[in-house]
$ cat protein.pdb   # PDB, C-alpha atoms
ATOM      1  CA  MET A   1       0.000   0.000   0.000
ATOM      2  CA  LYS A   2       1.511   3.296  -1.055
ATOM      3  CA  GLY A   3       1.637   5.573   1.979
ATOM      4  CA  ASN A   4       1.704   9.335   2.302
ATOM      5  CA  ALA A   5       5.281  10.622   1.852
ATOM      6  CA  LYS A   6       5.057  13.126   4.719
ATOM      7  CA  LEU A   7       3.686  10.445   7.041
ATOM      8  CA  ILE A   8       6.491   8.049   6.071
ATOM      9  CA  GLU A   9       8.972  10.835   6.811
ATOM     10  CA  GLN A  10       7.408  11.269  10.245
ATOM     11  CA  LEU A  11       7.479   7.514  10.872
ATOM     12  CA  ASN A  12      11.199   7.565  10.098
ATOM     13  CA  ALA A  13      11.635  10.435  12.564
ATOM     14  CA  ARG A  14       9.861   8.361  15.242
ATOM     15  CA  LEU A  15      12.120   5.425  14.300
ATOM     16  CA  SER A  16      15.185   7.622  14.893
ATOM     17  CA  GLU A  17      13.810   8.557  18.319
ATOM     18  CA  GLU A  18      13.196   4.928  19.222
ATOM     19  CA  LEU A  19      16.698   3.910  18.122
ATOM     20  CA  THR A  20      18.151   6.762  20.155
ATOM     21  CA  ALA A  21      16.112   5.750  23.214
ATOM     22  CA  ILE A  22      17.335   2.156  22.907
ATOM     23  CA  ASN A  23      20.949   3.333  23.082
ATOM     24  CA  GLN A  24      20.302   5.703  25.976
ATOM     25  CA  TYR A  25      18.345   3.172  28.002
ATOM     26  CA  MET A  26      20.817   0.342  27.411
ATOM     27  CA  VAL A  27      23.699   2.501  28.646
ATOM     28  CA  HIS A  28      21.648   3.511  31.697
ATOM     29  CA  ALA A  29      20.744  -0.127  32.382
ATOM     30  CA  GLU A  30      24.387  -1.193  32.137
ATOM     31  CA  MET A  31      25.440   1.629  34.467
ATOM     32  CA  CYS A  32      22.858   0.452  37.014
ATOM     33  CA  GLU A  33      24.078  -3.118  36.649
ATOM     34  CA  ASN A  34      27.638  -1.897  37.229
ATOM     35  CA  TRP A  35      26.488  -0.125  40.406
ATOM     36  CA  ASN A  36      24.569  -3.279  41.478
ATOM     37  CA  TYR A  37      21.154  -1.593  41.287
ATOM     38  CA  LYS A  38      19.598  -4.801  40.005
ATOM     39  CA  LYS A  39      15.947  -3.733  40.158
ATOM     40  CA  LEU A  40      16.649  -0.512  38.333
ATOM     41  CA  ASP A  41      18.853  -2.281  35.778
ATOM     42  CA  GLU A  42      16.087  -4.766  34.992
ATOM     43  CA  ALA A  43      13.388  -2.090  34.738
ATOM     44  CA  ILE A  44      15.409   0.135  32.411
ATOM     45  CA  GLU A  45      16.505  -2.819  30.276
ATOM     46  CA  LYS A  46      12.866  -3.891  29.968
ATOM     47  CA  ARG A  47      12.013  -0.364  28.741
ATOM     48  CA  ALA A  48      14.867  -0.552  26.205
ATOM     49  CA  ILE A  49      13.474  -3.832  24.887
ATOM     50  CA  ALA A  50      10.023  -2.243  24.563
ATOM     51  CA  GLU A  51      11.622   0.527  22.503
ATOM     52  CA  MET A  52      13.289  -2.142  20.322
ATOM     53  CA  LYS A  53       9.877  -3.633  19.656
ATOM     54  CA  HIS A  54       8.558  -0.174  18.761
ATOM     55  CA  ALA A  55      11.437   0.271  16.314
ATOM     56  CA  GLU A  56      10.732  -3.126  14.772
ATOM     57  CA  LYS A  57       7.045  -2.261  14.341
ATOM     58  CA  LEU A  58       7.884   1.138  12.847
ATOM     59  CA  ILE A  59      10.188  -0.534  10.318
ATOM     60  CA  ALA A  60       7.444  -2.982   9.390
ATOM     61  CA  ARG A  61       4.873  -0.184   9.011
ATOM     62  CA  ILE A  62       7.204   1.936   6.875
ATOM     63  CA  LEU A  63       7.816  -1.073   4.616
ATOM     64  CA  PHE A  64       4.066  -1.773   4.449
ATOM     65  CA  LEU A  65       3.557   1.824   3.283
ATOM     66  CA  GLU A  66       6.232   1.206   0.615
ATOM     67  CA  GLY A  67       8.711   3.520   2.283
ATOM     68  CA  ILE A  68      12.361   2.995   3.103
ATOM     69  CA  PRO A  69      13.174   2.673   6.814
ATOM     70  CA  VAL A  70      16.117   4.876   7.786
ATOM     71  CA  VAL A  71      18.003   3.213  10.615
ATOM     72  CA  SER A  72      21.205   5.234  10.370
ATOM     73  CA  ASN A  73      19.863   8.457  11.930
ATOM     74  CA  LEU A  74      20.233   8.855  15.676
ATOM     75  CA  ASN A  75      19.456  11.887  17.767
ATOM     76  CA  LYS A  76      21.712  13.036  20.597
ATOM     77  CA  VAL A  77      21.894  10.495  23.413
ATOM     78  CA  TYR A  78      21.746  12.002  26.914
ATOM     79  CA  ILE A  79      23.510   9.824  29.489
ATOM     80  CA  GLY A  80      22.867  10.693  33.131
ATOM     81  CA  ALA A  81      25.908  10.650  35.398
ATOM     82  CA  ASP A  82      23.841   9.379  38.336
ATOM     83  CA  VAL A  83      20.420   7.833  38.853
ATOM     84  CA  PRO A  84      18.445  11.097  39.273
ATOM     85  CA  LYS A  85      20.058  12.478  36.102
ATOM     86  CA  MET A  86      19.277   9.226  34.279
ATOM     87  CA  HIS A  87      15.626   9.530  35.224
ATOM     88  CA  ALA A  88      15.608  13.191  34.177
ATOM     89  CA  SER A  89      17.092  12.492  30.741
ATOM     90  CA  ASP A  90      14.837   9.464  30.220
ATOM     91  CA  ARG A  91      11.818  11.554  31.229
ATOM     92  CA  THR A  92      12.720  14.158  28.636
ATOM     93  CA  ALA A  93      13.034  11.434  26.000
ATOM     94  CA  GLU A  94       9.615  10.018  26.870
ATOM     95  CA  GLU A  95       7.949  13.448  26.999
ATOM     96  CA  THR A  96       9.388  14.252  23.582
ATOM     97  CA  ALA A  97       8.233  10.897  22.226
ATOM     98  CA  ILE A  98       4.699  11.458  23.527
ATOM     99  CA  LYS A  99       4.498  14.895  21.937
ATOM    100  CA  ASN A 100       5.864  13.625  18.637
ATOM    101  CA  TYR A 101       3.630  10.542  18.537
ATOM    102  CA  ASN A 102       0.624  12.769  19.145
ATOM    103  CA  ASP A 103       1.711  15.012  16.268
ATOM    104  CA  THR A 104       2.233  12.028  13.967
ATOM    105  CA  ILE A 105      -1.161  10.584  14.941
ATOM    106  CA  LYS A 106      -2.710  13.926  14.014
ATOM    107  CA  LEU A 107      -0.996  13.770  10.615
ATOM    108  CA  ALA A 108      -2.173  10.176  10.074
ATOM    109  CA  VAL A 109      -5.751  11.299  10.727
ATOM    110  CA  GLU A 110      -5.339  14.268   8.368
ATOM    111  CA  VAL A 111      -4.140  12.050   5.516
ATOM    112  CA  GLY A 112      -6.817   9.429   6.235
ATOM    113  CA  ASP A 113      -4.497   6.614   7.328
ATOM    114  CA  ASN A 114      -6.435   5.143  10.230
ATOM    115  CA  GLY A 115      -4.374   1.955  10.251
ATOM    116  CA  THR A 116      -1.247   3.973  10.993
ATOM    117  CA  ARG A 117      -3.191   6.064  13.514
ATOM    118  CA  ASP A 118      -4.219   2.933  15.425
ATOM    119  CA  PHE A 119      -0.694   1.534  15.203
ATOM    120  CA  LEU A 120       0.805   4.764  16.558
ATOM    121  CA  GLN A 121      -1.774   4.933  19.338
ATOM    122  CA  SER A 122      -0.585   1.583  20.692
ATOM    123  CA  ILE A 123       2.999   2.870  20.841
ATOM    124  CA  LEU A 124       1.822   6.139  22.405
ATOM    125  CA  ASN A 125       0.111   4.154  25.158
ATOM    126  CA  ASP A 126       3.407   2.374  25.923
ATOM    127  CA  GLU A 127       5.317   5.670  25.984
ATOM    128  CA  GLU A 128       2.798   7.114  28.437
ATOM    129  CA  GLU A 129       3.308   4.076  30.687
ATOM    130  CA  HIS A 130       7.072   4.597  30.499
ATOM    131  CA  LEU A 131       6.678   8.243  31.492
ATOM    132  CA  ASP A 132       4.370   7.317  34.363
ATOM    133  CA  TRP A 133       6.968   4.855  35.713
ATOM    134  CA  ILE A 134       9.786   7.421  35.485
ATOM    135  CA  GLU A 135       7.658  10.059  37.216
ATOM    136  CA  ALA A 136       6.901   7.560  39.993
ATOM    137  CA  GLN A 137      10.649   6.956  40.466
ATOM    138  CA  GLN A 138      11.284  10.685  40.659
ATOM    139  CA  ASP A 139       8.457  11.059  43.185
ATOM    140  CA  GLN A 140       9.937   8.279  45.315
ATOM    141  CA  ILE A 141      13.343   9.970  45.280
ATOM    142  CA  GLN A 142      11.741  13.230  46.356
ATOM    143  CA  GLN A 143       9.668  11.590  49.089
ATOM    144  CA  ILE A 144      12.143   9.141  50.631
ATOM    145  CA  GLY A 145      15.471  10.606  49.538
ATOM    146  CA  ILE A 146      18.014   9.314  47.076
ATOM    147  CA  GLN A 147      19.856   7.084  49.574
ATOM    148  CA  ASN A 148      16.705   5.234  50.640
ATOM    149  CA  TYR A 149      15.607   4.942  47.019
ATOM    150  CA  LEU A 150      18.919   3.460  45.941
ATOM    151  CA  VAL A 151      18.896   0.950  48.804
ATOM    152  CA  GLU A 152      15.592  -0.313  47.395
ATOM    153  CA  GLN A 153      17.222  -0.803  43.973
ATOM    154  CA  ILE A 154      19.923  -3.183  45.179
ATOM    155  CA  GLY A 155      18.955  -6.726  44.359
TER     156      GLY A 155
END
$ encode --input "protein.pdb" --output "structure tokens"
Amino acid sequence: MKGNAKLIEQLNARLSEELTAINQYMVHAEMCENWNYKKLDEAIEKRAIAEMKHAEKLIARILFLEGIPVVSNLNKVYIGADVPKMHASDRTAEETAIKNYNDTIKLAVEVGDNGTRDFLQSILNDEEEHLDWIEAQQDQIQQIGIQNYLVEQIG
């Protein structure tokens, strides 16, 4: 099915964001593993794997729309030097993703591609769950303090 060129361009932009997030989250997960924050390592790695699945689905959708997936474009990766900075940079990534998925959903509706709209909505729902989890971690740090939070992350 021949897709709308502007929509395919936007899908490739979302793909770049997902590929960037994978890199950022995998580095953060490995840092947490290195610091022996097992629970945090596992949670962030799980989020990275979810982003990999999003990237895979975006590639499949772009191909379905007879576009060419661009996997060589990455945005700037923001690596946090400590756990609060990791959460802050990951939160920014998720907030950006949510905004951009909403914009791309709007475009899909405008060009009459409801299949892509539905597809993007499922990814948007995942991104909102990721943001909710990160916000909960930041709230816990604020409420119980970073030392108590980190003790909880040791597994």
$ atom_distance --input "protein.pdb" --atom1 "atom CA of Glu66 of chain A" --atom2 "atom CA of Thr104 of chain A"
17.6 Å
$ resolve_selection --input "protein.pdb" --expression "the PyMOL selection byres ((chain A and resi 4-10) around 7)" --output "NGL selection string"
:A and (2-3 or 11-14 or 62 or 67 or 104 or 107-108)
$ residues_around --input "protein.pdb" --residues "segment 84-93 of chain A" --least-positions-apart "4" --cutoff "12 Å" --atoms "only C-alpha atoms" --output "PyMOL selection string"
chain A and resi 14+16-32+40-41+43-44+47-48+51+75-80+97-100+127-142+145-147+149-150
$ atom_distance --input "protein.pdb" --atom1 "atom CA of Arg117 of chain A" --atom2 "atom CA of Ile105 of chain A"
5.2 Å
$ resolve_selection --input "protein.pdb" --expression "the PyMOL selection byres ((chain A and resi 72) around 10)" --output "list of chain:residue names"
A:Leu15, A:Ser16, A:Leu19, A:Pro69, A:Val70, A:Val71, A:Asn73, A:Leu74
$ atom_distance --input "protein.pdb" --atom1 "atom CA of Ala60 of chain A" --atom2 "atom CA of Asp113 of chain A"
15.5 Å
$ closest_residue --input "protein.pdb" --among "A:Met1, A:Val83, A:Leu58, A:Ile49" --to "Tyr37 of chain A" --atoms "only C-alpha atoms"
A:Val83
$ decode --input "protein.pdb" --residues "segment 10-96 of chain A" --atoms "C-alpha atoms" --output "PDB file, in the first residue's frame"
ATOM      1  CA  GLN A  10       7.408  11.269  10.245  1.00  0.00           C
ATOM      2  CA  LEU A  11       7.479   7.514  10.872  1.00  0.00           C
ATOM      3  CA  ASN A  12      11.199   7.565  10.098  1.00  0.00           C
ATOM      4  CA  ALA A  13      11.635  10.435  12.564  1.00  0.00           C
ATOM      5  CA  ARG A  14       9.861   8.361  15.242  1.00  0.00           C
ATOM      6  CA  LEU A  15      12.120   5.425  14.300  1.00  0.00           C
ATOM      7  CA  SER A  16      15.185   7.622  14.893  1.00  0.00           C
ATOM      8  CA  GLU A  17      13.810   8.557  18.319  1.00  0.00           C
ATOM      9  CA  GLU A  18      13.196   4.928  19.222  1.00  0.00           C
ATOM     10  CA  LEU A  19      16.698   3.910  18.122  1.00  0.00           C
ATOM     11  CA  THR A  20      18.151   6.762  20.155  1.00  0.00           C
ATOM     12  CA  ALA A  21      16.112   5.750  23.214  1.00  0.00           C
ATOM     13  CA  ILE A  22      17.335   2.156  22.907  1.00  0.00           C
ATOM     14  CA  ASN A  23      20.949   3.333  23.082  1.00  0.00           C
ATOM     15  CA  GLN A  24      20.302   5.703  25.976  1.00  0.00           C
ATOM     16  CA  TYR A  25      18.345   3.172  28.002  1.00  0.00           C
ATOM     17  CA  MET A  26      20.817   0.342  27.411  1.00  0.00           C
ATOM     18  CA  VAL A  27      23.699   2.501  28.646  1.00  0.00           C
ATOM     19  CA  HIS A  28      21.648   3.511  31.697  1.00  0.00           C
ATOM     20  CA  ALA A  29      20.744  -0.127  32.382  1.00  0.00           C
ATOM     21  CA  GLU A  30      24.387  -1.193  32.137  1.00  0.00           C
ATOM     22  CA  MET A  31      25.440   1.629  34.467  1.00  0.00           C
ATOM     23  CA  CYS A  32      22.858   0.452  37.014  1.00  0.00           C
ATOM     24  CA  GLU A  33      24.078  -3.118  36.649  1.00  0.00           C
ATOM     25  CA  ASN A  34      27.638  -1.897  37.229  1.00  0.00           C
ATOM     26  CA  TRP A  35      26.488  -0.125  40.406  1.00  0.00           C
ATOM     27  CA  ASN A  36      24.569  -3.279  41.478  1.00  0.00           C
ATOM     28  CA  TYR A  37      21.154  -1.593  41.287  1.00  0.00           C
ATOM     29  CA  LYS A  38      19.598  -4.801  40.005  1.00  0.00           C
ATOM     30  CA  LYS A  39      15.947  -3.733  40.158  1.00  0.00           C
ATOM     31  CA  LEU A  40      16.649  -0.512  38.333  1.00  0.00           C
ATOM     32  CA  ASP A  41      18.853  -2.281  35.778  1.00  0.00           C
ATOM     33  CA  GLU A  42      16.087  -4.766  34.992  1.00  0.00           C
ATOM     34  CA  ALA A  43      13.388  -2.090  34.738  1.00  0.00           C
ATOM     35  CA  ILE A  44      15.409   0.135  32.411  1.00  0.00           C
ATOM     36  CA  GLU A  45      16.505  -2.819  30.276  1.00  0.00           C
ATOM     37  CA  LYS A  46      12.866  -3.891  29.968  1.00  0.00           C
ATOM     38  CA  ARG A  47      12.013  -0.364  28.741  1.00  0.00           C
ATOM     39  CA  ALA A  48      14.867  -0.552  26.205  1.00  0.00           C
ATOM     40  CA  ILE A  49      13.474  -3.832  24.887  1.00  0.00           C
ATOM     41  CA  ALA A  50      10.023  -2.243  24.563  1.00  0.00           C
ATOM     42  CA  GLU A  51      11.622   0.527  22.503  1.00  0.00           C
ATOM     43  CA  MET A  52      13.289  -2.142  20.322  1.00  0.00           C
ATOM     44  CA  LYS A  53       9.877  -3.633  19.656  1.00  0.00           C
ATOM     45  CA  HIS A  54       8.558  -0.174  18.761  1.00  0.00           C
ATOM     46  CA  ALA A  55      11.437   0.271  16.314  1.00  0.00           C
ATOM     47  CA  GLU A  56      10.732  -3.126  14.772  1.00  0.00           C
ATOM     48  CA  LYS A  57       7.045  -2.261  14.341  1.00  0.00           C
ATOM     49  CA  LEU A  58       7.884   1.138  12.847  1.00  0.00           C
ATOM     50  CA  ILE A  59      10.188  -0.534  10.318  1.00  0.00           C
ATOM     51  CA  ALA A  60       7.444  -2.982   9.390  1.00  0.00           C
ATOM     52  CA  ARG A  61       4.873  -0.184   9.011  1.00  0.00           C
ATOM     53  CA  ILE A  62       7.204   1.936   6.875  1.00  0.00           C
ATOM     54  CA  LEU A  63       7.816  -1.073   4.616  1.00  0.00           C
ATOM     55  CA  PHE A  64       4.066  -1.773   4.449  1.00  0.00           C
ATOM     56  CA  LEU A  65       3.557   1.824   3.283  1.00  0.00           C
ATOM     57  CA  GLU A  66       6.232   1.206   0.615  1.00  0.00           C
ATOM     58  CA  GLY A  67       8.711   3.520   2.283  1.00  0.00           C
ATOM     59  CA  ILE A  68      12.361   2.995   3.103  1.00  0.00           C
ATOM     60  CA  PRO A  69      13.174   2.673   6.814  1.00  0.00           C
ATOM     61  CA  VAL A  70      16.117   4.876   7.786  1.00  0.00           C
ATOM     62  CA  VAL A  71      18.003   3.213  10.615  1.00  0.00           C
ATOM     63  CA  SER A  72      21.205   5.234  10.370  1.00  0.00           C
ATOM     64  CA  ASN A  73      19.863   8.457  11.930  1.00  0.00           C
ATOM     65  CA  LEU A  74      20.233   8.855  15.676  1.00  0.00           C
ATOM     66  CA  ASN A  75      19.456  11.887  17.767  1.00  0.00           C
ATOM     67  CA  LYS A  76      21.712  13.036  20.597  1.00  0.00           C
ATOM     68  CA  VAL A  77      21.894  10.495  23.413  1.00  0.00           C
ATOM     69  CA  TYR A  78      21.746  12.002  26.914  1.00  0.00           C
ATOM     70  CA  ILE A  79      23.510   9.824  29.489  1.00  0.00           C
ATOM     71  CA  GLY A  80      22.867  10.693  33.131  1.00  0.00           C
ATOM     72  CA  ALA A  81      25.908  10.650  35.398  1.00  0.00           C
ATOM     73  CA  ASP A  82      23.841   9.379  38.336  1.00  0.00           C
ATOM     74  CA  VAL A  83      20.420   7.833  38.853  1.00  0.00           C
ATOM     75  CA  PRO A  84      18.445  11.097  39.273  1.00  0.00           C
ATOM     76  CA  LYS A  85      20.058  12.478  36.102  1.00  0.00           C
ATOM     77  CA  MET A  86      19.277   9.226  34.279  1.00  0.00           C
ATOM     78  CA  HIS A  87      15.626   9.530  35.224  1.00  0.00           C
ATOM     79  CA  ALA A  88      15.608  13.191  34.177  1.00  0.00           C
ATOM     80  CA  SER A  89      17.092  12.492  30.741  1.00  0.00           C
ATOM     81  CA  ASP A  90      14.837   9.464  30.220  1.00  0.00           C
ATOM     82  CA  ARG A  91      11.818  11.554  31.229  1.00  0.00           C
ATOM     83  CA  THR A  92      12.720  14.158  28.636  1.00  0.00           C
ATOM     84  CA  ALA A  93      13.034  11.434  26.000  1.00  0.00           C
ATOM     85  CA  GLU A  94       9.615  10.018  26.870  1.00  0.00           C
ATOM     86  CA  GLU A  95       7.949  13.448  26.999  1.00  0.00           C
ATOM     87  CA  THR A  96       9.388  14.252  23.582  1.00  0.00           C
TER      88      THR A  96
END
